[in-house]
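**Q** coords02.tsv (TSV, C-alpha atoms) pasted underneath:
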chain	number	residue	atom	x	y	z
U	106	MET	CA	-10.26	50.85	10.42
U	107	ALA	CA	-9.38	50.86	6.71
U	108	ASN	CA	-7.13	48.14	5.35
U	109	GLU	CA	-3.63	49.15	4.37
U	110	PRO	CA	-2.80	48.74	0.66
U	111	GLY	CA	-0.08	46.26	1.58
U	112	ASP	CA	-2.58	44.11	3.44
U	113	SER	CA	-4.85	43.91	0.40
U	114	LEU	CA	-1.90	43.11	-1.86
U	115	GLY	CA	-0.74	40.39	0.52
U	116	ARG	CA	-4.21	38.83	0.64
U	117	LYS	CA	-4.43	38.91	-3.17
U	118	LYS	CA	-1.07	37.19	-3.55
U	119	GLY	CA	-2.07	34.58	-0.99
U	120	GLN	CA	-5.36	34.01	-2.78
U	121	LEU	CA	-3.64	33.56	-6.15
U	122	HIS	CA	-1.23	31.06	-4.62
U	123	ALA	CA	-4.06	29.11	-2.95
U	124	GLU	CA	-6.15	29.07	-6.13
U	125	ALA	CA	-3.20	27.92	-8.23
U	126	ALA	CA	-2.38	25.17	-5.73
U	127	GLY	CA	-6.03	24.08	-5.71
U	128	LYS	CA	-6.20	23.86	-9.50
U	129	LEU	CA	-2.93	21.95	-9.77
U	130	ARG	CA	-4.04	19.59	-7.01
U	131	SER	CA	-7.30	18.88	-8.84
U	132	MET	CA	-5.49	18.31	-12.14
U	133	ILE	CA	-3.21	15.74	-10.49
U	134	LEU	CA	-5.96	13.99	-8.52
U	135	SER	CA	-8.12	13.72	-11.64
U	136	GLY	CA	-5.25	12.28	-13.69
U	137	GLU	CA	-5.17	15.24	-16.07
U	138	LEU	CA	-1.55	15.60	-14.99
U	139	PRO	CA	-0.38	11.96	-14.87
U	140	PRO	CA	2.50	10.51	-12.79
U	141	GLY	CA	5.88	11.36	-14.27
U	142	GLU	CA	4.57	14.39	-16.19
U	143	ARG	CA	7.07	17.26	-16.25
U	144	LEU	CA	5.50	20.57	-15.25
U	145	ARG	CA	6.73	23.68	-17.02
U	146	GLU	CA	6.28	27.05	-15.34
U	147	VAL	CA	5.49	29.01	-18.49
U	148	GLN	CA	2.84	26.55	-19.57
U	149	LEU	CA	1.29	26.46	-16.10
U	150	CYS	CA	1.18	30.26	-15.95
U	151	GLU	CA	-0.78	30.27	-19.21
U	152	GLN	CA	-3.13	27.49	-18.09
U	153	LEU	CA	-3.82	29.02	-14.67
U	154	GLY	CA	-3.79	32.66	-15.74
U	155	VAL	CA	-1.28	33.79	-13.10
U	156	SER	CA	2.33	34.95	-12.95
U	157	ARG	CA	5.32	32.80	-12.06
U	158	THR	CA	5.40	33.68	-8.36
U	159	PRO	CA	2.00	32.13	-7.44
U	160	VAL	CA	2.86	29.09	-9.60
U	161	ARG	CA	6.18	28.58	-7.82
U	162	GLU	CA	4.54	28.92	-4.41
U	163	ALA	CA	1.77	26.53	-5.47
U	164	LEU	CA	4.32	23.96	-6.61
U	165	ARG	CA	6.10	24.16	-3.26
U	166	THR	CA	2.76	23.64	-1.51
U	167	ILE	CA	1.80	20.53	-3.46
U	168	ALA	CA	5.37	19.22	-3.19
U	169	ALA	CA	4.92	19.28	0.59
U	170	GLU	CA	1.75	17.21	0.06
U	171	GLY	CA	3.72	14.62	-1.90
U	172	LEU	CA	2.00	15.29	-5.22
U	173	VAL	CA	5.04	16.57	-7.13
U	174	ASP	CA	8.80	16.13	-6.84
U	175	LEU	CA	11.11	19.16	-6.96
U	176	LEU	CA	14.26	17.92	-8.66
U	177	PRO	CA	17.82	19.28	-8.21
U	178	ASN	CA	17.87	20.72	-11.75
U	179	ARG	CA	14.88	22.92	-10.77
U	180	SER	CA	12.47	20.86	-12.84
U	181	VAL	CA	9.19	19.62	-11.35
U	182	VAL	CA	7.47	16.31	-12.11
U	183	VAL	CA	4.23	14.76	-10.91
U	184	SER	CA	5.14	12.16	-8.29
U	185	GLU	CA	5.01	8.52	-9.28
U	186	LEU	CA	2.82	6.12	-7.33
U	187	HIS	CA	4.69	3.14	-5.84
U	188	ALA	CA	2.89	0.16	-4.31
U	189	PRO	CA	5.13	-0.21	-1.19
U	190	ASP	CA	4.75	3.49	-0.36
U	191	LEU	CA	0.97	3.29	-0.79
U	192	GLU	CA	0.76	0.32	1.53
U	193	HIS	CA	2.56	2.26	4.27
U	194	LEU	CA	0.38	5.29	3.58
U	195	PHE	CA	-2.91	3.37	3.71
U	196	VAL	CA	-2.00	1.55	6.92
U	197	VAL	CA	-1.28	4.87	8.65
U	198	PHE	CA	-4.23	6.72	7.13
U	199	GLY	CA	-6.63	3.89	7.97
U	200	ALA	CA	-5.43	3.98	11.57
U	201	ILE	CA	-5.93	7.76	11.73
U	202	GLU	CA	-9.45	7.53	10.34
U	203	GLY	CA	-10.12	4.61	12.68
U	204	ILE	CA	-9.33	6.84	15.66
U	205	ALA	CA	-11.54	9.55	14.15
U	206	ALA	CA	-14.34	6.99	13.76
U	207	GLU	CA	-14.25	6.03	17.44
U	208	LEU	CA	-14.22	9.67	18.56
U	209	ALA	CA	-17.01	10.60	16.15
U	210	CYS	CA	-19.23	7.83	17.49
U	211	GLN	CA	-18.87	9.33	20.96
U	212	LYS	CA	-19.81	12.84	19.83
U	213	ILE	CA	-22.10	12.61	16.81
U	214	THR	CA	-25.59	14.11	17.00
U	215	GLU	CA	-28.78	12.86	15.37
U	216	ALA	CA	-28.64	15.81	12.98
U	217	GLU	CA	-25.10	14.88	11.92
U	218	ILE	CA	-26.11	11.25	11.40
U	219	GLY	CA	-28.89	12.52	9.14
U	220	GLU	CA	-26.42	14.71	7.25
U	221	ILE	CA	-24.05	11.83	6.55
U	222	GLY	CA	-26.98	9.60	5.61
U	223	ARG	CA	-28.02	12.14	2.98
U	224	LEU	CA	-24.47	12.31	1.66
U	225	LEU	CA	-24.39	8.52	1.39
U	226	ALA	CA	-27.66	8.58	-0.56
U	227	GLU	CA	-26.12	11.10	-2.99
U	228	MET	CA	-23.08	8.88	-3.35
U	229	ILE	CA	-25.28	5.88	-4.17
U	230	ASP	CA	-27.07	7.93	-6.85
U	231	PHE	CA	-23.78	8.96	-8.46
U	232	HIS	CA	-22.60	5.34	-8.43
U	233	THR	CA	-25.84	4.25	-10.11
U	234	ARG	CA	-25.28	6.88	-12.81
U	235	LYS	CA	-21.58	5.88	-13.05
U	236	GLU	CA	-20.46	9.45	-12.38
U	237	ARG	CA	-17.10	8.95	-10.70
U	238	ALA	CA	-15.99	12.57	-10.21
U	239	PRO	CA	-19.01	13.75	-8.14
U	240	TYR	CA	-19.04	10.38	-6.39
U	241	MET	CA	-15.45	10.92	-5.22
U	242	GLN	CA	-16.26	14.46	-4.06
U	243	ILE	CA	-19.13	13.22	-1.87
U	244	ASN	CA	-17.02	10.30	-0.71
U	245	GLN	CA	-14.32	12.70	0.44
U	246	LYS	CA	-16.93	14.88	2.16
U	247	ILE	CA	-18.16	11.92	4.24
U	248	HIS	CA	-14.62	11.13	5.40
U	249	GLN	CA	-13.99	14.81	6.10
U	250	ARG	CA	-17.17	15.24	8.13
U	251	THR	CA	-16.34	12.18	10.23
U	252	VAL	CA	-12.95	13.66	11.09
U	253	GLU	CA	-14.53	17.06	11.83
U	254	ILE	CA	-17.14	15.49	14.11
U	255	ALA	CA	-14.31	13.74	15.99
U	256	ALA	CA	-13.24	17.28	16.99
U	257	ASN	CA	-9.59	16.55	17.66
U	258	PRO	CA	-7.41	19.31	16.16
U	259	VAL	CA	-4.16	17.30	16.23
U	260	LEU	CA	-5.79	14.38	14.45
U	261	HIS	CA	-7.38	16.74	11.93
U	262	THR	CA	-4.03	18.39	11.10
U	263	VAL	CA	-2.29	15.04	10.53
U	264	TRP	CA	-5.26	13.74	8.51
U	265	GLN	CA	-5.34	16.85	6.32
U	266	SER	CA	-1.63	16.59	5.51
U	267	LEU	CA	-2.10	13.09	4.05
U	268	VAL	CA	-5.43	13.56	2.25
U	269	PRO	CA	-4.10	14.64	-1.20
U	270	ARG	CA	-1.89	11.56	-1.55
U	271	VAL	CA	-4.61	9.22	-0.33
U	272	GLU	CA	-7.34	10.69	-2.53
U	273	ARG	CA	-5.14	10.38	-5.60
U	274	ALA	CA	-4.55	6.69	-4.91
U	275	ARG	CA	-8.18	5.95	-4.03
U	276	ALA	CA	-9.39	7.56	-7.25
U	277	LEU	CA	-7.04	5.24	-9.15
U	278	ALA	CA	-8.34	2.17	-7.27
U	279	ASN	CA	-11.96	3.12	-8.01
U	280	LEU	CA	-11.28	3.03	-11.75
U	281	ASP	CA	-11.81	-0.69	-11.23
U	282	THR	CA	-15.60	-1.14	-11.40
U	283	GLY	CA	-15.60	-4.05	-8.97
U	284	ARG	CA	-13.60	-2.11	-6.39
U	285	TRP	CA	-15.83	0.93	-6.83
U	286	THR	CA	-18.93	-1.12	-6.06
U	287	GLY	CA	-17.18	-2.86	-3.17
U	288	ALA	CA	-16.10	0.45	-1.68
U	289	LEU	CA	-19.68	1.73	-1.79
U	290	PHE	CA	-20.94	-1.40	-0.02
U	291	GLU	CA	-18.29	-0.85	2.67
U	292	HIS	CA	-19.56	2.71	3.10
U	293	THR	CA	-23.09	1.46	3.76
U	294	LYS	CA	-21.79	-0.85	6.51
U	295	MET	CA	-19.71	1.99	7.94
U	296	PHE	CA	-22.76	4.25	8.05
U	297	THR	CA	-24.77	1.59	9.90
U	298	ALA	CA	-22.02	1.37	12.53
U	299	LEU	CA	-21.85	5.17	12.79
U	300	ALA	CA	-25.62	5.51	13.16
U	301	SER	CA	-25.47	2.86	15.92
U	302	ARG	CA	-22.56	4.75	17.53
U	303	ASP	CA	-20.51	1.54	17.54
U	304	GLY	CA	-17.04	3.08	17.60
U	305	GLN	CA	-15.06	-0.16	17.74
U	306	LEU	CA	-16.88	-1.66	14.77
U	307	LEU	CA	-16.64	1.54	12.73
U	308	ALA	CA	-12.91	1.81	13.43
U	309	LYS	CA	-12.41	-1.79	12.26
U	310	LEU	CA	-14.50	-1.26	9.11
U	311	THR	CA	-12.67	2.00	8.35
U	312	ARG	CA	-9.22	0.41	8.55
U	313	GLU	CA	-10.38	-2.45	6.33
U	314	HIS	CA	-11.93	0.01	3.88
U	315	PHE	CA	-8.52	1.48	3.08
U	316	LEU	CA	-6.60	-1.79	3.06
U	317	ASN	CA	-9.14	-3.36	0.69
U	318	SER	CA	-8.04	-0.90	-2.02
U	319	LEU	CA	-4.42	-2.04	-1.98
U	320	PRO	CA	-4.70	-5.16	-4.20
U	321	PHE	CA	-6.44	-3.11	-6.91
U	322	LEU	CA	-3.81	-0.38	-6.69
U	323	GLN	CA	-0.96	-2.86	-6.83
U	324	SER	CA	-2.47	-4.58	-9.87
U	325	ARG	CA	-3.03	-1.30	-11.73
U	326	LEU	CA	0.46	0.00	-10.98
U	327	GLU	CA	2.01	-3.28	-12.16
U	328	ASN	CA	0.03	-3.06	-15.41
U	329	ASP	CA	1.24	0.52	-15.95
U	330	ASP	CA	4.89	-0.49	-15.63
Represent the structure from my file as structure tokens, please.
**A**
Amino acid sequence: MANEPGDSLGRKKGQLHAEAAGKLRSMILSGELPPGERLREVQLCEQLGVSRTPVREALRTIAAEGLVDLLPNRSVVVSELHAPDLEHLFVVFGAIEGIAAELACQKITEAEIGEIGRLLAEMIDFHTRKERAPYMQINQKIHQRTVEIAANPVLHTVWQSLVPRVERARALANLDTGRWTGALFEHTKMFTALASRDGQLLAKLTREHFLNSLPFLQSRLENDD
């Protein structure tokens, strides 16, 4: 059955909104749009190559993710990072990924262990070459695959809603070279626990992995003030 013109138009509008949201999200996570930056619709339309409607919808989407603040005067600013908020966020997110870790250890296959091992090897290579952006992408993929392997849709939905805020903060923490190296070492220990299907150990290591970033975040945010 042929698609109705309205259906195609609706899909196109939805695609433009999703693409705009994705680009804005990447610009914030990378630091291209820093905390406190005021976002102007006209400028964003020019940068993203779309009209105002997809930009407005994209801003509402990333506001729901905690990446921007919609102010009463209709202006939009990139959300500031605050140490107390990040501590609460990392405690909750670490607990969520800890649950995912235990479930994944119960369900993971040999093929999936091999897949994550290959991702870890890529991450080590990027760290050796000091390429942070691709390192963070692979890092995120490992965390994502662990949650997917856990195969709990409720957990996945909650996890996904918090990811943008967490990834933004973790990227900031990894600007510290010592923390970046420490985080990679933690990942190697986490992979050993996963490959051994030791759910309790992996859950413990996962929670610690997130909490270990907090001192570096707090220090960097204090220096920025």
**Q** Residues at most 12 Å from stretch 231-233 of chain U, counting all atoms listed in the file, excluding those fewer than 2 positions away in the same chain, as a ChimeraX atom specification?
**A** /U:224-229,235-244,279,282-290
**Q** Take the residues from that selection and put them in a file with C-alpha atoms, as a compact mmCIF listing (two decimals), in the frame of the given file.
**A**
# COMPACT_ATOMS: atom_id res chain seq x y z
CA LEU U 224 -24.47 12.31 1.66
CA LEU U 225 -24.39 8.52 1.39
CA ALA U 226 -27.66 8.58 -0.56
CA GLU U 227 -26.12 11.10 -2.99
CA MET U 228 -23.08 8.88 -3.35
CA ILE U 229 -25.28 5.88 -4.17
CA LYS U 235 -21.58 5.88 -13.05
CA GLU U 236 -20.46 9.45 -12.38
CA ARG U 237 -17.10 8.95 -10.70
CA ALA U 238 -15.99 12.57 -10.21
CA PRO U 239 -19.01 13.75 -8.14
CA TYR U 240 -19.04 10.38 -6.39
CA MET U 241 -15.45 10.92 -5.22
CA GLN U 242 -16.26 14.46 -4.06
CA ILE U 243 -19.13 13.22 -1.87
CA ASN U 244 -17.02 10.30 -0.71
CA ASN U 279 -11.96 3.12 -8.01
CA THR U 282 -15.60 -1.14 -11.40
CA GLY U 283 -15.60 -4.05 -8.97
CA ARG U 284 -13.60 -2.11 -6.39
CA TRP U 285 -15.83 0.93 -6.83
CA THR U 286 -18.93 -1.12 -6.06
CA GLY U 287 -17.18 -2.86 -3.17
CA ALA U 288 -16.10 0.45 -1.68
CA LEU U 289 -19.68 1.73 -1.79
CA PHE U 290 -20.94 -1.40 -0.02
**Q** Mind checking which residues fall within 8 Å of stretch 313-323 of chain U, counting only C-alpha atoms, ignoring those fewer than 2 positions away in the same chain, and posting them as JSON, numbers by chain?
**A** {"U": [188, 191, 192, 195, 196, 198, 199, 274, 275, 277, 278, 281, 284, 288, 291, 309, 310, 311, 325, 326, 327]}
**Q** Please list as a list in words every residue within 10 Å of U:Gln249, counting all atoms listed in the file and excluding residues in the same chain fewer than 6 positions away.
**A** Glu202, Ala205, Ile243, Ala255, His261, Trp264, Gln265 and Val268 of chain U
**Q** Just the number, please: distance in Å from atom CA of U:Gly171 to atom CA of U:Arg270, one decimal.
**A** 6.4 Å
**Q** Which residues, written as number ranges by chain, have at least one atom at most 9 Å from U:Leu153, with all atoms listed in the file counted and residues fewer than 2 positions away on the same chain left out?
**A** U: 124-125, 128-129, 148-151, 155-156, 160
**Q** Can you list, as a PyMOL selection string, every protein, DNA or RNA residue that comes within 10 Å of U:Ala123 when you count all atoms listed in the file, leaving out same-chain residues fewer than 2 positions away?
**A** chain U and resi 117-121+125-129+159-160+162-163+166
**Q** Would you mind telling me which residue in U:Val197, U:Leu164, U:Leu175, U:Val183 lies nearest to U:Leu138 when using only C-alpha atoms?
**A**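 Smallest distance to U:Leu138 is found for U:Val183.
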**Q** Using Å and a single decimal, report how far atom CA of U:Gly222 sits from atom CA of U:Leu307.
**A** 14.9 Å
**Q** If I take atom CA of U:Met132 and atom CA of U:Ala276, how far is one from the other in Å, to one decimal?
**A** 12.4 Å
**Q** Of the candidates U:Lys212, U:Arg145, U:Arg179, U:His187, which shows the shortest atom-to-atom distance to U:Ser324, using all atoms listed in the file?
**A** U:His187
**Q** Return the single residue from U:Thr251, U:Ser184, U:Thr262, U:Gln245 that is closest to U:Glu220, with distances computed using all atoms listed in the file.
**A**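 Closest residue, counting all atoms listed in the file: U:Thr251.
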